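Here's the structure we're looking at; comments come further down.
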Amino acid sequence: MDQVWSWVSLGPLKLPLSKHLLMMGIASLIMLIGFPLLIRSRSAALAPFRAMLEMTVLFLRDEIVIPNLGHKGAAYVGYFSTLFFFILILNLIGLVPYGATATGNLAVTGGLAFTSFALINFSGIKEQGLIGYISHLVPKGVPVWLYPLMFPIELMGMVIKTFALCIRLFANMIAGHIVILVFISFIFIFGSFGVSIGLGVAPVSVGLVLFTLLLELLVAFLQAYVFVTLTAIFTGAAMHPH
Amino acid sequence: MEALIKPEFGLMFWTITCFVLLALLLSRTAWKPLMQAVEERERALKHDRNTAESARAEAEKIKVELEARLAELKAEIGRRMDEARLMAEKEQDVLIEEARKSAGVIVESARREIEAQKLEAARDLKNKVAELSVLAAERILLHQLDHRANTDLASRYLAEIEKERPELKLESR
């Protein structure tokens with residue numbers, strides 16, 4: 001749940017200054033200042049981190065972007081790397097004490113999904129031209145009389161695909177938190193029956209919370225990967241309709 | 001619970017702004033140098049591999065060449081050895097023949113020499129024997145010569161001869 005501290009008006013928009021915005025700011029600062037410094041640094045102590053960053057970017061390039069987007073995809077590697085690390089860092093900040101999971105907010109995931117939607121359509125139009133892109137929305141081999149039906153379905157499908165992206169990330173990130181919350185609540189629920197029962201349940205609950213936290217750590221990486229992979233697949237499908 | 005699934009559009013705006021700015025800035029400041037470094041390294045690796053491959057090909061070529069030359073040399077050595085052996089055999093034969101011939105000559109001359117020596121020795125011996133026998137006979141004869149007995153003997157012989165061959169009788173003449 002977001003924690004709004006104050007509101008700022010910018011024309012017709014009413015913009016919140018909230019904890020999730022702060023988290024996004026921290027993530028942005030880490031990436032804007034940390035990454036360029038890390039990449040340019042020649043110190044031996046930072047070499048493993050540099051190698052990790054490089055390996056991740058190369059993995060994104062060689063396993064996700066190039067296979068899906070083809071050789072023209074090299075230009076999009078930067079975008080996908082930014083997307084991956086942004087989501088990953090937001091997910092990980094959510095696991096740090098006093099941090100909040102910005103990706104557990106529907107507005108944030110919605111914003112990310114919107115940028116993906118924009119990227120998919122932009123790359124499709126850039127690759128095939130506006131008319132070509134629209135005419136290729138319906139797959140080849142569909143009878144002509146089905147076009148009036150298929151065209152709206154495909155348009156809707158495009159929106160739904162990105163909407164699913166948004167919901168998937170949101171649900172995955174919030175689910176772990178809810179489970180942890182439930183396990184901790186158990187202590188107090190059982191505690192209301194009697195202090196000794198509550199203390200008895202506590203170790204079990206804490207163990208399960210730890211387990212869930214580790215699971216969330218896995219999910220943090222996994223969902224960043226899934227979001228990027230699916231965006232790449234959709235972008236590739238928009239660029240090469242066959 | 002409703003707040004959980006109700007998107008706050010202001011935050012969505014922030015997210016989009018934030019992310020787009022981040023993507024634009026990072027592609028300049030982070031990914032570009034990173035990709036450049038990576039590509040440079042990949043190019044260096046490729047170049048190294050190409051160099052190594054060409055060096056290996058070169059080495060293989062040289063090896064084949066060397067092997068061919070080695071085989072050639074071996075054949076040459078074998079040929080030379082055979083030639084030398086043949087020549088040596090011929091020379092040996094010639095030498096043996098010559099030795100035999102000269103040995104024959106030596107033997108022949110030795111035999112001739114021996115023959116000559118032998119003849120000379122025989123001649124010497126004969127002369128010496130003749131001389132000795134003559135001397136011995138002389139001594140014997142000198143020793144045994146008895147005038148009276150001999151005269152008797154001679155007269156007896158003469159009588160006998162006269163008896164046998166009367167035509168030779170001295171008195172009848």
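Note on naming: chains are A, B, ... as they come in the structure tokens, residues start from 1 per chain, ligands start from 1 in the order shown.
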task: Using only C-alpha atoms, determine which residues of chain A fall within 7 Å of chain B; present them as a ChimeraX atom specification.
output: /A:1,13-16,28,32,35-36,39,78-79,82,106-108,110-112,115
Hey, can you spit out that residue selection with N, CA and C atoms as a JSON list (two decimals), in the first residue's frame?
[["chain", "number", "residue", "atom", "x", "y", "z"],
["A", 1, "MET", "N", 0.84, -1.21, 0.00],
["A", 1, "MET", "CA", 0.00, 0.00, 0.00],
["A", 1, "MET", "C", 0.87, 1.25, 0.00],
["A", 13, "LEU", "N", -3.00, 17.50, -13.84],
["A", 13, "LEU", "CA", -2.62, 16.30, -13.10],
["A", 13, "LEU", "C", -2.41, 16.59, -11.62],
["A", 14, "LYS", "N", -2.86, 15.65, -10.81],
["A", 14, "LYS", "CA", -2.65, 15.76, -9.37],
["A", 14, "LYS", "C", -1.65, 14.66, -9.00],
["A", 15, "LEU", "N", -0.39, 15.10, -8.73],
["A", 15, "LEU", "CA", 0.68, 14.11, -8.59],
["A", 15, "LEU", "C", 1.00, 13.88, -7.12],
["A", 16, "PRO", "N", 1.08, 12.61, -6.73],
["A", 16, "PRO", "CA", 1.40, 12.32, -5.33],
["A", 16, "PRO", "C", 2.91, 12.30, -5.10],
["A", 28, "SER", "N", 16.30, 4.83, -9.29],
["A", 28, "SER", "CA", 16.82, 5.62, -10.41],
["A", 28, "SER", "C", 18.21, 6.15, -10.09],
["A", 32, "LEU", "N", 21.38, 5.54, -12.16],
["A", 32, "LEU", "CA", 21.95, 6.69, -12.89],
["A", 32, "LEU", "C", 23.38, 6.97, -12.46],
["A", 35, "PHE", "N", 25.57, 2.74, -11.95],
["A", 35, "PHE", "CA", 25.94, 1.94, -13.13],
["A", 35, "PHE", "C", 27.03, 2.58, -13.96],
["A", 36, "PRO", "N", 26.90, 3.86, -14.33],
["A", 36, "PRO", "CA", 27.98, 4.45, -15.14],
["A", 36, "PRO", "C", 29.32, 4.42, -14.42],
["A", 39, "ILE", "N", 30.62, 0.87, -14.48],
["A", 39, "ILE", "CA", 31.10, 0.46, -15.81],
["A", 39, "ILE", "C", 32.42, 1.13, -16.15],
["A", 78, "GLY", "N", 19.66, -1.63, -24.78],
["A", 78, "GLY", "CA", 19.70, -0.65, -23.70],
["A", 78, "GLY", "C", 18.36, -0.51, -23.02],
["A", 79, "TYR", "N", 17.31, -0.46, -23.81],
["A", 79, "TYR", "CA", 15.97, -0.33, -23.24],
["A", 79, "TYR", "C", 15.64, -1.53, -22.36],
["A", 82, "THR", "N", 17.64, -1.55, -19.14],
["A", 82, "THR", "CA", 17.10, -0.58, -18.19],
["A", 82, "THR", "C", 15.84, -1.13, -17.53],
["A", 106, "LEU", "N", -0.20, -1.21, -8.37],
["A", 106, "LEU", "CA", -0.77, -1.38, -9.72],
["A", 106, "LEU", "C", -0.43, -0.20, -10.62],
["A", 107, "ALA", "N", -0.31, 0.99, -10.04],
["A", 107, "ALA", "CA", -0.01, 2.16, -10.87],
["A", 107, "ALA", "C", 1.40, 2.07, -11.46],
["A", 108, "VAL", "N", 2.33, 1.58, -10.64],
["A", 108, "VAL", "CA", 3.71, 1.46, -11.13],
["A", 108, "VAL", "C", 3.80, 0.41, -12.23],
["A", 110, "GLY", "N", 1.42, -0.66, -13.98],
["A", 110, "GLY", "CA", 0.65, -0.14, -15.11],
["A", 110, "GLY", "C", 1.49, 0.81, -15.94],
["A", 111, "GLY", "N", 2.26, 1.66, -15.27],
["A", 111, "GLY", "CA", 3.13, 2.58, -16.00],
["A", 111, "GLY", "C", 4.16, 1.83, -16.81],
["A", 112, "LEU", "N", 4.76, 0.80, -16.21],
["A", 112, "LEU", "CA", 5.76, 0.00, -16.93],
["A", 112, "LEU", "C", 5.13, -0.72, -18.11],
["A", 115, "THR", "N", 4.67, 1.65, -20.95],
["A", 115, "THR", "CA", 5.88, 1.88, -21.75],
["A", 115, "THR", "C", 6.15, 0.68, -22.66]]
From a backbone DSSP assignment, name each residue in segment 32-192 of chain A labelled alpha helix (DSSP H), as a PDB file with C-alpha atoms, in the first residue's frame.
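Result written to part_35.pdb:
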ATOM      1  CA  PHE A  35      25.940   1.940 -13.126  1.00  0.00           C
ATOM      2  CA  PRO A  36      27.983   4.448 -15.145  1.00  0.00           C
ATOM      3  CA  LEU A  37      30.540   4.666 -12.353  1.00  0.00           C
ATOM      4  CA  LEU A  38      30.668   0.888 -12.068  1.00  0.00           C
ATOM      5  CA  ILE A  39      31.096   0.457 -15.813  1.00  0.00           C
ATOM      6  CA  ARG A  40      33.798   3.093 -16.107  1.00  0.00           C
ATOM      7  CA  ALA A  47      35.534  -6.089 -11.074  1.00  0.00           C
ATOM      8  CA  PRO A  48      33.169  -8.883  -9.919  1.00  0.00           C
ATOM      9  CA  PHE A  49      30.223  -6.462  -9.864  1.00  0.00           C
ATOM     10  CA  ARG A  50      31.196  -5.109 -13.229  1.00  0.00           C
ATOM     11  CA  ALA A  51      31.372  -8.670 -14.535  1.00  0.00           C
ATOM     12  CA  MET A  52      27.945  -9.434 -13.043  1.00  0.00           C
ATOM     13  CA  LEU A  53      26.408  -6.398 -14.711  1.00  0.00           C
ATOM     14  CA  GLU A  54      28.088  -7.241 -17.974  1.00  0.00           C
ATOM     15  CA  MET A  55      27.012 -10.877 -17.851  1.00  0.00           C
ATOM     16  CA  THR A  56      23.436  -9.891 -17.151  1.00  0.00           C
ATOM     17  CA  VAL A  57      23.360  -7.444 -20.044  1.00  0.00           C
ATOM     18  CA  LEU A  58      24.982  -9.996 -22.344  1.00  0.00           C
ATOM     19  CA  PHE A  59      22.484 -12.605 -21.236  1.00  0.00           C
ATOM     20  CA  ILE A  66      18.429 -10.984 -30.236  1.00  0.00           C
ATOM     21  CA  PRO A  67      16.494 -14.294 -30.500  1.00  0.00           C
ATOM     22  CA  ASN A  68      13.168 -12.454 -30.312  1.00  0.00           C
ATOM     23  CA  LEU A  69      13.879  -9.235 -32.152  1.00  0.00           C
ATOM     24  CA  VAL A  77      19.340  -3.849 -25.713  1.00  0.00           C
ATOM     25  CA  GLY A  78      19.704  -0.647 -23.701  1.00  0.00           C
ATOM     26  CA  TYR A  79      15.965  -0.335 -23.240  1.00  0.00           C
ATOM     27  CA  PHE A  80      15.554  -3.932 -22.115  1.00  0.00           C
ATOM     28  CA  SER A  81      18.551  -3.706 -19.794  1.00  0.00           C
ATOM     29  CA  THR A  82      17.103  -0.578 -18.190  1.00  0.00           C
ATOM     30  CA  LEU A  83      13.720  -2.283 -17.838  1.00  0.00           C
ATOM     31  CA  PHE A  84      15.233  -5.385 -16.277  1.00  0.00           C
ATOM     32  CA  PHE A  85      17.397  -3.566 -13.762  1.00  0.00           C
ATOM     33  CA  PHE A  86      14.669  -1.046 -12.908  1.00  0.00           C
ATOM     34  CA  ILE A  87      12.172  -3.787 -12.077  1.00  0.00           C
ATOM     35  CA  LEU A  88      14.816  -5.894 -10.333  1.00  0.00           C
ATOM     36  CA  ILE A  89      16.029  -3.044  -8.139  1.00  0.00           C
ATOM     37  CA  LEU A  90      12.471  -1.991  -7.263  1.00  0.00           C
ATOM     38  CA  ASN A  91      11.681  -5.617  -6.340  1.00  0.00           C
ATOM     39  CA  LEU A  92      14.809  -5.918  -4.218  1.00  0.00           C
ATOM     40  CA  ILE A  93      14.281  -2.602  -2.456  1.00  0.00           C
ATOM     41  CA  LEU A 106      -0.768  -1.384  -9.716  1.00  0.00           C
ATOM     42  CA  ALA A 107      -0.008   2.165 -10.866  1.00  0.00           C
ATOM     43  CA  VAL A 108       3.706   1.455 -11.128  1.00  0.00           C
ATOM     44  CA  THR A 109       3.303  -1.826 -12.978  1.00  0.00           C
ATOM     45  CA  GLY A 110       0.650  -0.135 -15.105  1.00  0.00           C
ATOM     46  CA  GLY A 111       3.129   2.583 -16.004  1.00  0.00           C
ATOM     47  CA  LEU A 112       5.760   0.003 -16.928  1.00  0.00           C
ATOM     48  CA  ALA A 113       3.242  -1.959 -18.965  1.00  0.00           C
ATOM     49  CA  PHE A 114       2.265   1.250 -20.732  1.00  0.00           C
ATOM     50  CA  THR A 115       5.878   1.881 -21.750  1.00  0.00           C
ATOM     51  CA  SER A 116       6.038  -1.717 -22.998  1.00  0.00           C
ATOM     52  CA  PHE A 117       2.816  -1.148 -24.957  1.00  0.00           C
ATOM     53  CA  ALA A 118       4.318   1.981 -26.461  1.00  0.00           C
ATOM     54  CA  LEU A 119       7.538   0.136 -27.312  1.00  0.00           C
ATOM     55  CA  ILE A 120       5.697  -2.762 -28.956  1.00  0.00           C
ATOM     56  CA  ASN A 121       3.675  -0.457 -31.187  1.00  0.00           C
ATOM     57  CA  PHE A 122       6.578   1.887 -31.869  1.00  0.00           C
ATOM     58  CA  SER A 123       8.899  -0.903 -32.953  1.00  0.00           C
ATOM     59  CA  GLY A 124       6.162  -2.522 -35.057  1.00  0.00           C
ATOM     60  CA  ILE A 125       5.370   0.716 -36.858  1.00  0.00           C
ATOM     61  CA  LYS A 126       9.035   1.564 -37.296  1.00  0.00           C
ATOM     62  CA  GLU A 127       9.774  -1.836 -38.768  1.00  0.00           C
ATOM     63  CA  GLN A 128       6.768  -2.270 -41.094  1.00  0.00           C
ATOM     64  CA  LEU A 130       2.017   2.312 -40.117  1.00  0.00           C
ATOM     65  CA  ILE A 131      -0.142   0.693 -42.807  1.00  0.00           C
ATOM     66  CA  GLY A 132       1.890  -2.461 -42.924  1.00  0.00           C
ATOM     67  CA  TYR A 133       1.735  -2.800 -39.176  1.00  0.00           C
ATOM     68  CA  ILE A 134      -2.018  -2.376 -39.021  1.00  0.00           C
ATOM     69  CA  SER A 135      -2.620  -4.733 -41.934  1.00  0.00           C
ATOM     70  CA  TYR A 147     -11.395  -9.751 -40.822  1.00  0.00           C
ATOM     71  CA  PRO A 148     -14.128  -7.581 -39.250  1.00  0.00           C
ATOM     72  CA  LEU A 149     -14.154 -10.007 -36.341  1.00  0.00           C
ATOM     73  CA  MET A 150     -10.441 -10.647 -36.069  1.00  0.00           C
ATOM     74  CA  PHE A 151      -9.267  -7.069 -36.243  1.00  0.00           C
ATOM     75  CA  PRO A 152     -10.993  -5.895 -33.021  1.00  0.00           C
ATOM     76  CA  ILE A 153      -9.948  -9.119 -31.300  1.00  0.00           C
ATOM     77  CA  GLU A 154      -6.324  -8.554 -32.221  1.00  0.00           C
ATOM     78  CA  LEU A 155      -6.503  -4.926 -31.097  1.00  0.00           C
ATOM     79  CA  MET A 156      -7.966  -6.029 -27.801  1.00  0.00           C
ATOM     80  CA  GLY A 157      -5.391  -8.803 -27.551  1.00  0.00           C
ATOM     81  CA  MET A 158      -2.611  -6.270 -27.824  1.00  0.00           C
ATOM     82  CA  VAL A 159      -4.043  -4.285 -24.920  1.00  0.00           C
ATOM     83  CA  ILE A 160      -4.767  -7.395 -22.905  1.00  0.00           C
ATOM     84  CA  LYS A 161      -1.228  -8.721 -23.379  1.00  0.00           C
ATOM     85  CA  THR A 162       0.259  -5.612 -21.811  1.00  0.00           C
ATOM     86  CA  PHE A 163      -2.456  -5.514 -19.189  1.00  0.00           C
ATOM     87  CA  ALA A 164      -1.543  -9.074 -18.256  1.00  0.00           C
ATOM     88  CA  LEU A 165       2.077  -7.949 -17.935  1.00  0.00           C
ATOM     89  CA  CYS A 166       0.979  -5.277 -15.488  1.00  0.00           C
ATOM     90  CA  ILE A 167      -1.215  -7.626 -13.430  1.00  0.00           C
ATOM     91  CA  ARG A 168       1.366 -10.429 -13.380  1.00  0.00           C
ATOM     92  CA  LEU A 169       4.121  -8.295 -11.915  1.00  0.00           C
ATOM     93  CA  PHE A 170       1.796  -6.594  -9.468  1.00  0.00           C
ATOM     94  CA  ALA A 171       0.223  -9.820  -8.215  1.00  0.00           C
ATOM     95  CA  ASN A 172       3.520 -11.652  -7.881  1.00  0.00           C
ATOM     96  CA  MET A 173       5.121  -8.884  -5.882  1.00  0.00           C
ATOM     97  CA  ILE A 174       2.139  -8.242  -3.629  1.00  0.00           C
ATOM     98  CA  ALA A 175       1.378 -11.927  -3.034  1.00  0.00           C
ATOM     99  CA  GLY A 176       4.580 -12.609  -1.138  1.00  0.00           C
ATOM    100  CA  HIS A 177       3.970  -9.628   1.088  1.00  0.00           C
ATOM    101  CA  ILE A 178       0.435 -10.708   1.829  1.00  0.00           C
ATOM    102  CA  VAL A 179       1.622 -14.217   2.705  1.00  0.00           C
ATOM    103  CA  ILE A 180       4.252 -12.790   5.048  1.00  0.00           C
ATOM    104  CA  LEU A 181       1.624 -10.529   6.589  1.00  0.00           C
ATOM    105  CA  VAL A 182      -0.658 -13.526   7.127  1.00  0.00           C
ATOM    106  CA  PHE A 183       2.080 -15.546   8.821  1.00  0.00           C
ATOM    107  CA  ILE A 184       2.899 -12.697  11.136  1.00  0.00           C
ATOM    108  CA  SER A 185      -0.788 -12.138  11.887  1.00  0.00           C
ATOM    109  CA  PHE A 186      -1.006 -15.779  12.946  1.00  0.00           C
ATOM    110  CA  ILE A 187       1.178 -14.962  15.920  1.00  0.00           C
ATOM    111  CA  PHE A 188      -1.245 -12.316  17.123  1.00  0.00           C
ATOM    112  CA  ILE A 189      -4.356 -14.329  16.292  1.00  0.00           C
ATOM    113  CA  PHE A 190      -3.057 -17.253  18.320  1.00  0.00           C
ATOM    114  CA  GLY A 191      -1.727 -14.810  20.897  1.00  0.00           C
ATOM    115  CA  SER A 192      -5.243 -13.590  21.528  1.00  0.00           C
TER     116      SER A 192
END
